[in-house]
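Next up, upload.txt (compact mmCIF, C-alpha atoms):
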# COMPACT_ATOMS: atom_id res chain seq x y z
CA MET A 29 19.84 15.81 14.18
CA SER A 30 21.59 14.14 17.10
CA THR A 31 22.18 10.40 17.00
CA LYS A 32 20.16 10.10 20.21
CA ALA A 33 17.12 11.78 18.62
CA GLU A 34 17.45 9.54 15.57
CA ALA A 35 17.63 6.43 17.74
CA ARG A 36 14.56 7.56 19.66
CA GLN A 37 12.64 8.15 16.40
CA ARG A 38 13.61 4.69 15.11
CA GLN A 39 12.36 3.18 18.40
CA ILE A 40 9.02 4.97 18.11
CA LEU A 41 8.59 4.01 14.45
CA ALA A 42 9.35 0.35 15.19
CA ALA A 43 6.80 0.34 18.01
CA ALA A 44 4.19 2.04 15.82
CA ALA A 45 4.81 -0.44 12.98
CA SER A 46 4.28 -3.28 15.38
CA CYS A 47 0.98 -1.77 16.67
CA PHE A 48 -0.33 -0.96 13.16
CA ALA A 49 0.50 -4.48 11.96
CA ARG A 50 -1.24 -6.06 14.95
CA LYS A 51 -4.35 -3.87 15.25
CA GLY A 52 -4.47 -1.79 12.09
CA PHE A 53 -3.92 1.93 11.71
CA HIS A 54 -7.39 3.02 12.85
CA GLN A 55 -7.62 0.82 15.91
CA THR A 56 -4.17 1.89 17.15
CA THR A 57 -4.07 4.93 19.45
CA MET A 58 -1.11 7.16 20.26
CA ASP A 59 -1.41 5.69 23.80
CA ASP A 60 -0.90 2.19 22.39
CA ILE A 61 2.28 3.38 20.70
CA CYS A 62 3.57 5.05 23.90
CA ARG A 63 2.94 1.84 25.84
CA GLU A 64 4.61 -0.30 23.17
CA VAL A 65 7.76 1.85 23.09
CA GLN A 66 7.68 2.40 26.88
CA LEU A 67 7.99 6.18 26.60
CA SER A 68 5.87 8.99 28.03
CA PRO A 69 3.39 10.70 25.67
CA GLY A 70 5.55 13.84 25.91
CA SER A 71 8.59 11.98 24.55
CA VAL A 72 6.59 10.53 21.66
CA TYR A 73 4.67 13.74 20.79
CA ARG A 74 7.97 15.64 20.71
CA TYR A 75 8.79 13.77 17.47
CA TYR A 76 5.37 12.76 16.13
CA ARG A 77 2.23 14.74 16.81
CA SER A 78 -0.17 12.16 15.34
CA LYS A 79 -0.49 8.72 13.76
CA GLU A 80 -0.57 10.52 10.39
CA ALA A 81 2.86 12.02 11.17
CA ILE A 82 4.16 8.52 11.87
CA ILE A 83 2.77 7.22 8.56
CA ALA A 84 4.39 10.21 6.84
CA ALA A 85 7.74 9.27 8.42
CA PHE A 86 7.38 5.68 7.14
CA VAL A 87 6.63 6.89 3.62
CA GLU A 88 9.59 9.30 3.69
CA ASP A 89 12.01 6.68 5.08
CA ASP A 90 10.93 4.15 2.47
CA SER A 91 11.25 6.67 -0.32
CA ARG A 92 14.73 7.73 0.84
CA ASP A 93 15.88 4.09 0.98
CA LEU A 94 14.62 3.44 -2.56
CA SER A 95 16.13 6.69 -3.76
CA GLU A 96 19.56 5.59 -2.45
CA LEU A 97 19.24 2.23 -4.21
CA LEU A 98 18.31 3.94 -7.49
CA GLN A 99 21.16 6.42 -7.09
CA HIS A 100 23.57 3.49 -6.79
CA VAL A 101 22.08 1.76 -9.87
CA SER A 102 22.35 4.95 -11.93
CA GLN A 103 26.12 4.95 -11.28
CA GLN A 104 26.65 1.40 -12.57
CA PRO A 105 28.08 1.28 -16.10
CA ASP A 106 26.16 -1.92 -16.89
CA LEU A 107 22.35 -1.50 -16.73
CA TRP A 108 21.62 -5.23 -16.47
CA GLN A 109 24.00 -5.84 -13.57
CA GLY A 110 22.59 -2.76 -11.85
CA LEU A 111 19.00 -3.92 -12.28
CA ASP A 112 19.75 -7.45 -11.07
CA TRP A 113 21.33 -5.96 -7.94
CA LEU A 114 18.31 -3.63 -7.51
CA ILE A 115 15.81 -6.52 -7.71
CA ASP A 116 17.74 -8.49 -5.06
CA GLN A 117 17.81 -5.41 -2.81
CA LEU A 118 14.09 -4.72 -3.28
CA LEU A 119 13.08 -8.33 -2.60
CA ALA A 120 15.13 -8.24 0.62
CA ALA A 121 13.60 -4.89 1.63
CA ILE A 122 9.99 -5.98 1.14
CA SER A 123 10.75 -9.21 3.02
CA SER A 124 11.86 -7.35 6.16
CA PRO A 125 9.61 -7.76 9.22
CA LEU A 126 6.35 -5.76 9.21
CA TYR A 127 7.13 -4.08 5.85
CA ALA A 128 4.26 -5.74 3.96
CA GLU A 129 1.77 -5.24 6.81
CA LEU A 130 2.66 -1.56 7.06
CA SER A 131 2.45 -1.10 3.30
CA ALA A 132 -1.08 -2.53 3.33
CA GLU A 133 -2.12 -0.14 6.12
CA ILE A 134 -0.61 2.83 4.31
CA GLY A 135 -2.25 1.66 1.07
CA ALA A 136 -5.72 1.65 2.63
CA GLU A 137 -5.12 4.99 4.35
CA THR A 138 -4.03 6.47 1.01
CA MET A 139 -7.49 5.77 -0.45
CA HIS A 140 -9.40 8.08 1.87
CA ASN A 141 -6.86 10.38 3.53
CA PRO A 142 -5.93 13.13 1.04
CA ALA A 143 -2.84 14.24 3.02
CA ILE A 144 -1.39 10.72 3.09
CA ALA A 145 -2.38 10.20 -0.57
CA ALA A 146 -0.53 13.38 -1.58
CA LEU A 147 2.58 12.24 0.29
CA VAL A 148 2.49 8.72 -1.17
CA ARG A 149 1.98 10.06 -4.72
CA GLN A 150 4.81 12.56 -4.28
CA SER A 151 7.28 9.91 -3.10
CA ASP A 152 6.05 7.43 -5.74
CA GLN A 153 6.59 10.03 -8.47
CA ALA A 154 10.10 10.77 -7.19
CA ASN A 155 10.97 7.06 -7.30
CA LEU A 156 9.39 6.66 -10.73
CA GLN A 157 11.40 9.61 -12.08
CA ALA A 158 14.61 8.20 -10.57
CA LEU A 159 13.98 4.82 -12.26
CA ILE A 160 13.20 6.57 -15.55
CA GLU A 161 16.51 8.47 -15.17
CA VAL A 162 18.35 5.13 -14.79
CA PHE A 163 16.79 4.02 -18.09
CA ARG A 164 17.52 7.36 -19.78
CA LEU A 165 21.21 7.07 -18.90
CA ALA A 166 21.22 3.51 -20.26
CA GLN A 167 19.63 4.80 -23.49
CA GLN A 168 22.48 7.33 -23.78
CA ARG A 169 24.98 4.48 -23.39
CA GLY A 170 23.15 2.55 -26.12
CA GLN A 171 22.04 -0.20 -23.70
CA LEU A 172 18.33 0.45 -24.31
CA SER A 173 16.34 1.24 -27.43
CA ALA A 174 15.81 4.98 -27.94
CA THR A 175 12.11 4.36 -28.68
CA LEU A 176 11.31 2.49 -25.44
CA ASP A 177 8.39 4.01 -23.46
CA LEU A 178 10.34 4.64 -20.25
CA ALA A 179 7.44 5.84 -18.10
CA SER A 180 5.25 2.86 -18.90
CA THR A 181 8.14 0.43 -18.33
CA ALA A 182 9.06 1.98 -14.98
CA ASN A 183 5.38 1.90 -13.90
CA LEU A 184 5.09 -1.82 -14.64
CA ILE A 185 8.28 -2.67 -12.74
CA ILE A 186 7.06 -0.74 -9.70
CA ALA A 187 3.62 -2.40 -10.00
CA LEU A 188 5.27 -5.83 -9.90
CA ILE A 189 7.24 -4.92 -6.76
CA ASP A 190 4.10 -3.46 -5.15
CA GLY A 191 2.18 -6.65 -5.96
CA LEU A 192 4.93 -8.83 -4.49
CA THR A 193 4.82 -6.71 -1.33
CA TRP A 194 1.10 -7.36 -0.97
CA ARG A 195 1.60 -11.10 -1.54
CA LYS A 196 4.39 -11.21 1.05
CA GLY A 197 1.84 -9.80 3.53
CA LEU A 198 -0.67 -12.46 2.53
CA TYR A 199 1.90 -15.28 2.72
CA PRO A 200 4.56 -14.19 5.24
CA ASP A 201 6.41 -17.52 4.94
CA ASP A 202 6.96 -17.18 1.18
CA ASP A 203 10.60 -16.79 0.16
CA LEU A 204 10.53 -13.97 -2.40
CA SER A 205 14.15 -14.58 -3.43
CA SER A 206 12.92 -17.74 -5.19
CA TYR A 207 11.25 -15.43 -7.75
CA ALA A 208 14.38 -13.37 -8.39
CA THR A 209 15.49 -15.11 -11.60
CA SER A 210 12.01 -14.99 -13.16
CA ILE A 211 11.54 -11.33 -12.22
CA LYS A 212 14.91 -10.35 -13.72
CA SER A 213 13.98 -12.16 -16.92
CA MET A 214 10.54 -10.45 -17.10
CA ILE A 215 12.15 -7.05 -16.68
CA LYS A 216 14.78 -7.75 -19.34
CA GLN A 217 11.97 -8.67 -21.72
CA LEU A 218 10.08 -5.49 -20.91
CA LEU A 219 13.20 -3.40 -21.54
CA SER A 220 14.05 -5.20 -24.79
CA ALA A 221 10.64 -4.47 -26.36
CA MET B 15 -31.97 -17.28 -4.42
CA SER B 16 -34.66 -15.00 -5.84
CA THR B 17 -33.72 -12.27 -8.26
CA LYS B 18 -35.17 -9.72 -5.84
CA ALA B 19 -32.91 -10.89 -3.01
CA GLU B 20 -29.92 -10.80 -5.34
CA ALA B 21 -30.74 -7.27 -6.47
CA ARG B 22 -31.06 -6.19 -2.83
CA GLN B 23 -27.68 -7.74 -1.98
CA ARG B 24 -26.04 -5.98 -4.93
CA GLN B 25 -27.54 -2.68 -3.74
CA ILE B 26 -26.18 -3.18 -0.23
CA LEU B 27 -22.73 -4.18 -1.49
CA ALA B 28 -22.55 -1.13 -3.78
CA ALA B 29 -23.50 1.15 -0.90
CA ALA B 30 -20.95 -0.50 1.40
CA ALA B 31 -18.22 -0.20 -1.24
CA SER B 32 -18.95 3.46 -1.56
CA CYS B 33 -18.78 3.98 2.24
CA PHE B 34 -15.57 1.95 2.65
CA ALA B 35 -13.91 3.84 -0.20
CA ARG B 36 -14.91 7.20 1.28
CA LYS B 37 -14.25 6.61 4.99
CA GLY B 38 -12.32 3.37 5.21
CA PHE B 39 -13.49 0.05 6.60
CA HIS B 40 -12.97 0.89 10.28
CA GLN B 41 -14.61 4.29 10.22
CA THR B 42 -17.70 2.99 8.42
CA THR B 43 -20.56 1.76 10.61
CA MET B 44 -23.44 -0.53 9.64
CA ASP B 45 -25.64 2.56 10.18
CA ASP B 46 -23.65 4.44 7.52
CA ILE B 47 -24.31 1.59 5.10
CA CYS B 48 -28.05 1.52 5.92
CA ARG B 49 -28.27 5.27 5.31
CA GLU B 50 -26.30 5.04 2.06
CA VAL B 51 -28.52 2.28 0.65
CA GLN B 52 -31.70 3.84 2.17
CA LEU B 53 -32.83 0.61 3.78
CA SER B 54 -33.77 -0.20 7.37
CA PRO B 55 -31.17 -1.98 9.54
CA GLY B 56 -33.49 -5.02 9.52
CA SER B 57 -33.35 -5.25 5.72
CA VAL B 58 -29.56 -4.96 5.69
CA TYR B 59 -28.90 -7.35 8.62
CA ARG B 60 -31.12 -9.95 6.95
CA TYR B 61 -28.36 -10.41 4.36
CA TYR B 62 -25.21 -9.20 6.14
CA ARG B 63 -24.79 -9.42 9.88
CA SER B 64 -21.55 -7.37 10.01
CA LYS B 65 -19.05 -5.37 7.99
CA GLU B 66 -16.90 -8.52 7.99
CA ALA B 67 -19.75 -10.40 6.26
CA ILE B 68 -19.85 -7.67 3.61
CA ILE B 69 -16.08 -7.91 3.05
CA ALA B 70 -16.49 -11.69 2.79
CA ALA B 71 -19.15 -11.20 0.10
CA PHE B 72 -16.80 -8.92 -1.87
CA VAL B 73 -13.98 -11.46 -1.70
CA GLU B 74 -16.32 -14.26 -2.79
CA ASP B 75 -17.82 -12.24 -5.67
CA ASP B 76 -14.37 -11.27 -6.90
CA SER B 77 -13.12 -14.82 -6.67
CA ARG B 78 -16.16 -16.16 -8.56
CA ASP B 79 -15.69 -13.58 -11.34
CA LEU B 80 -12.01 -14.51 -11.74
CA SER B 81 -12.85 -18.19 -11.60
CA GLU B 82 -15.29 -17.74 -14.52
CA LEU B 83 -12.65 -15.89 -16.56
CA LEU B 84 -10.10 -18.66 -15.90
CA GLN B 85 -12.68 -21.32 -16.76
CA HIS B 86 -13.19 -19.61 -20.12
CA VAL B 87 -9.43 -19.37 -20.76
CA SER B 88 -8.93 -23.05 -19.94
CA GLN B 89 -11.38 -23.92 -22.76
CA GLN B 90 -9.47 -21.95 -25.42
CA PRO B 91 -7.33 -24.15 -27.70
CA ASP B 92 -4.71 -21.41 -28.05
CA LEU B 93 -3.03 -20.46 -24.74
CA TRP B 94 -1.68 -17.13 -26.02
CA GLN B 95 -5.00 -15.89 -27.37
CA GLY B 96 -6.65 -16.99 -24.13
CA LEU B 97 -4.10 -15.14 -21.99
CA ASP B 98 -4.32 -11.95 -24.06
CA TRP B 99 -8.10 -12.01 -23.58
CA LEU B 100 -7.65 -12.66 -19.84
CA ILE B 101 -5.30 -9.69 -19.41
CA ASP B 102 -7.76 -7.37 -21.18
CA GLN B 103 -10.59 -8.64 -18.94
CA LEU B 104 -8.54 -8.25 -15.77
CA LEU B 105 -7.41 -4.71 -16.63
CA ALA B 106 -11.05 -3.77 -17.26
CA ALA B 107 -12.16 -5.41 -13.99
CA ILE B 108 -9.57 -3.66 -11.81
CA SER B 109 -10.43 -0.35 -13.54
CA SER B 110 -14.10 -0.55 -12.52
CA PRO B 111 -15.29 2.09 -10.02
CA LEU B 112 -14.27 1.54 -6.38
CA TYR B 113 -12.51 -1.78 -7.13
CA ALA B 114 -9.01 -0.53 -6.27
CA GLU B 115 -10.18 1.37 -3.17
CA LEU B 116 -12.01 -1.70 -1.88
CA SER B 117 -9.04 -3.95 -2.61
CA ALA B 118 -6.81 -1.68 -0.52
CA GLU B 119 -9.27 -1.79 2.40
CA ILE B 120 -9.54 -5.57 2.18
CA GLY B 121 -5.75 -5.79 1.90
CA ALA B 122 -5.23 -3.87 5.14
CA GLU B 123 -7.97 -5.82 6.92
CA THR B 124 -6.33 -9.07 5.81
CA MET B 125 -3.18 -8.17 7.76
CA HIS B 126 -4.80 -8.19 11.19
CA ASN B 127 -8.15 -9.96 10.85
CA PRO B 128 -7.50 -13.72 10.80
CA ALA B 129 -11.02 -14.56 9.52
CA ILE B 130 -10.69 -12.20 6.54
CA ALA B 131 -7.10 -13.38 5.96
CA ALA B 132 -8.25 -17.01 5.84
CA LEU B 133 -10.96 -16.14 3.33
CA VAL B 134 -8.63 -14.08 1.11
CA ARG B 135 -5.97 -16.82 1.16
CA GLN B 136 -8.55 -19.47 0.34
CA SER B 137 -9.89 -17.55 -2.67
CA ASP B 138 -6.37 -16.59 -3.77
CA GLN B 139 -5.29 -20.23 -3.66
CA ALA B 140 -8.35 -21.27 -5.70
CA ASN B 141 -7.50 -18.66 -8.36
CA LEU B 142 -3.83 -19.63 -8.32
CA GLN B 143 -4.72 -23.31 -8.80
CA ALA B 144 -7.11 -22.44 -11.65
CA LEU B 145 -4.37 -20.45 -13.41
CA ILE B 146 -1.89 -23.29 -12.87
CA GLU B 147 -4.48 -25.66 -14.41
CA VAL B 148 -4.66 -23.42 -17.51
CA PHE B 149 -0.87 -23.74 -17.83
CA ARG B 150 -0.95 -27.50 -17.17
CA LEU B 151 -3.45 -28.00 -20.01
CA ALA B 152 -1.22 -25.88 -22.29
CA GLN B 153 1.76 -28.09 -21.32
CA GLN B 154 -0.28 -31.15 -22.35
CA ARG B 155 -0.95 -29.50 -25.73
CA GLY B 156 2.78 -28.80 -26.09
CA GLN B 157 2.31 -25.00 -25.90
CA LEU B 158 4.46 -24.65 -22.78
CA SER B 159 7.72 -26.28 -21.72
CA ALA B 160 7.18 -29.31 -19.50
CA THR B 161 9.86 -28.03 -17.08
CA LEU B 162 8.28 -24.62 -16.44
CA ASP B 163 7.71 -23.85 -12.73
CA LEU B 164 3.95 -23.30 -13.00
CA ALA B 165 3.32 -22.20 -9.39
CA SER B 166 6.03 -19.56 -9.45
CA THR B 167 4.88 -18.27 -12.86
CA ALA B 168 1.24 -18.04 -11.76
CA ASN B 169 2.27 -16.24 -8.55
CA LEU B 170 4.20 -13.58 -10.48
CA ILE B 171 1.32 -12.94 -12.90
CA ILE B 172 -1.10 -12.50 -10.01
CA ALA B 173 1.43 -10.25 -8.22
CA LEU B 174 1.60 -8.01 -11.29
CA ILE B 175 -2.21 -7.73 -11.44
CA ASP B 176 -2.36 -7.03 -7.68
CA GLY B 177 0.29 -4.32 -8.05
CA LEU B 178 -1.59 -2.70 -10.95
CA THR B 179 -4.75 -2.70 -8.81
CA TRP B 180 -2.93 -0.81 -6.08
CA ARG B 181 -1.53 1.70 -8.58
CA LYS B 182 -4.98 2.24 -10.08
CA GLY B 183 -6.14 3.23 -6.58
CA LEU B 184 -3.20 5.62 -6.26
CA TYR B 185 -3.76 7.13 -9.73
CA PRO B 186 -7.48 6.73 -10.52
CA ASP B 187 -7.12 8.61 -13.84
CA ASP B 188 -4.49 6.20 -15.23
CA ASP B 189 -5.66 4.20 -18.23
CA LEU B 190 -4.47 0.66 -17.47
CA SER B 191 -5.29 -0.55 -20.99
CA SER B 192 -2.25 1.43 -22.18
CA TYR B 193 -0.09 -1.19 -20.42
CA ALA B 194 -1.83 -4.17 -22.05
CA THR B 195 0.72 -4.81 -24.80
CA SER B 196 3.70 -4.60 -22.42
CA ILE B 197 2.02 -6.85 -19.87
CA LYS B 198 1.19 -9.50 -22.48
CA SER B 199 4.80 -9.43 -23.66
CA MET B 200 6.16 -9.78 -20.09
CA ILE B 201 3.90 -12.75 -19.45
CA LYS B 202 4.91 -14.43 -22.72
CA GLN B 203 8.54 -14.03 -21.68
CA LEU B 204 7.83 -15.54 -18.28
CA LEU B 205 6.08 -18.51 -19.87
CA SER B 206 8.81 -19.06 -22.46
CA ALA B 207 11.58 -19.35 -19.84

Go through the file and emit its structure as structure tokens.
Amino acid sequence: MSTKAEARQRQILAAAASCFARKGFHQTTMDDICREVQLSPGSVYRYYRSKEAIIAAFVEDDSRDLSELLQHVSQQPDLWQGLDWLIDQLLAAISSPLYAELSAEIGAETMHNPAIAALVRQSDQANLQALIEVFRLAQQRGQLSATLDLASTANLIIALIDGLTWRKGLYPDDDLSSYATSIKSMIKQLLSA
Amino acid sequence: MSTKAEARQRQILAAAASCFARKGFHQTTMDDICREVQLSPGSVYRYYRSKEAIIAAFVEDDSRDLSELLQHVSQQPDLWQGLDWLIDQLLAAISSPLYAELSAEIGAETMHNPAIAALVRQSDQANLQALIEVFRLAQQRGQLSATLDLASTANLIIALIDGLTWRKGLYPDDDLSSYATSIKSMIKQLLSA
């Protein structure tokens, strides 16, 4: 895809995020998004045919970002250093503007829109499997107990990050990095069980 | 309030929860709720003048339930037994039908409805303070370090529960009680820091 098309898509997504955060997914129209991004409907529909397609793009972007972080962690020889780095990256990501608001909108939409739910579950499962793979490699290196329940552990870590995302939306002024040390220590405990 | 009025309110709330979970908050009308509960608009409006009033009732009910649990924990002489009991109760509560779906709807509404946001923050702060009070009493009994950052610890525990609620909505068939032991161990670690 050309750089120009990518730039245009990023513009549209940023405008949509801003509309969804302000008015909510259901009260935002495609017209609102066109006005916000100052493009004609034709230019917007060329990339995204519906609000659902925009939500799908957000889910895919988010999943790709997390997948790249997990790929990097899986290449680190030391699990604990890799995880500490991952937590810092995730706290920064969920603190970025509109991220928490958008996550809440997508969360609600997931509950009663089967197409969005399928997409969110698919990307969540991919991330979960990638985190489990990080732990499996660490088991092979003898850094984690061979009897650890990897799926359950990965689920709890992702639940904690999801919960922090929701709380960042509720308290936008909170500095999530102040929790970093406690979170790293909780996760070490979970992995040492 | 009479028992009959209370029963009627519970009926209306259950019907509303079912509508919100099926169609989402914004796509549900007061008429949908009247039809679902098989009552006349007059009977419903007598208790709840708007969908916002219904959401407010959910938030208040949920906050009162949690407040009662925390009240019970604060009366237990042993912090660890009290917390283990609390975790089991919370996992059961967030596993109850429609709870996760409703939480996601309220979460999204919180992001762009200042009245709902104020209510959710107020009840969240009350719960947070009640949990901090449980820890403060345990500090007085010498069960927790006097230097522990109680606010940060309480925030992380609530974030974990919030995240598990969201994941229960995403995977309704998941059995959250299977995480109980790991969660209790994570929280012990957090409190022993």

### Contact set, chain B to chain A: 9 Å, all atoms listed in the file, as a ChimeraX atom specification
/B:34-41,114-127,131,134-135,166-167,169-181,183-185,192-193,196-197,199-204,207

### Task
Would you list the contacts of Leu114 (chain A) as a PyMOL selection string, taking every protein, DNA or RNA residue within 10 Å and counting all atoms listed in the file, but skipping same-chain residues closer than 4 positions in sequence?
chain A and resi 94+97-98+100-101+108-110+118-120+212

### Message
Just the number, please: distance in Å from CA of Phe163 (chain A) to CA of Leu111 (chain A), one decimal.
### Response
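Answer for the CA of Phe163 (chain A) to CA of Leu111 (chain A) separation: 10.1 Å.
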
### Message
So that I can check the surroundings of Arg36 (chain A), please list as a ChimeraX atom specification every protein, DNA and RNA residue that reaches within 12 Å of it, counting all atoms listed in the file and ignoring chain neighbours fewer than 5 positions away.
### Response
/A:29-31,41-43,65-67,71-76

### Message
Would you compute the distance between CA of Gln157 (chain A) and CA of Leu178 (chain A)? Give it in Å to one decimal.
### Response
9.6 Å

### Task
Counting all atoms listed in the file, note down every residue that has an atom within 12 Å of the point (14.4, 6.2, -0.5) (file coordinates), as a PyMOL selection string.
chain A and resi 85-100+118+121+151-156+158-159

### Task
Rounded to one decimal place, report the CA of Ser68 (chain A)-CA of Ala143 (chain A) distance in Å.
27.0 Å

### Task
Pick out the closest residue to Ala166 (chain A) from this set: A:Trp113, A:Ala179, A:Ile144, A:Gln103. Count only C-alpha atoms.
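Selected residue with least distance to Ala166 (chain A): A:Gln103.
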
### Task
Tell me which of A:Leu165, A:Ile115, A:Ile160, A:Leu172 sits closest to Leu204 (chain A), counting all atoms listed in the file.
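Residue with the minimum atom-to-atom distance to Leu204 (chain A): A:Ile115.
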
### Query
Within 9 Å of Asp98 (chain B), counting only C-alpha atoms, which residues qualify if same-chain residues fewer than 5 places away don't, as a list in words?
Leu93, Gln103, Ala194, Thr195 and Lys198 of chain B
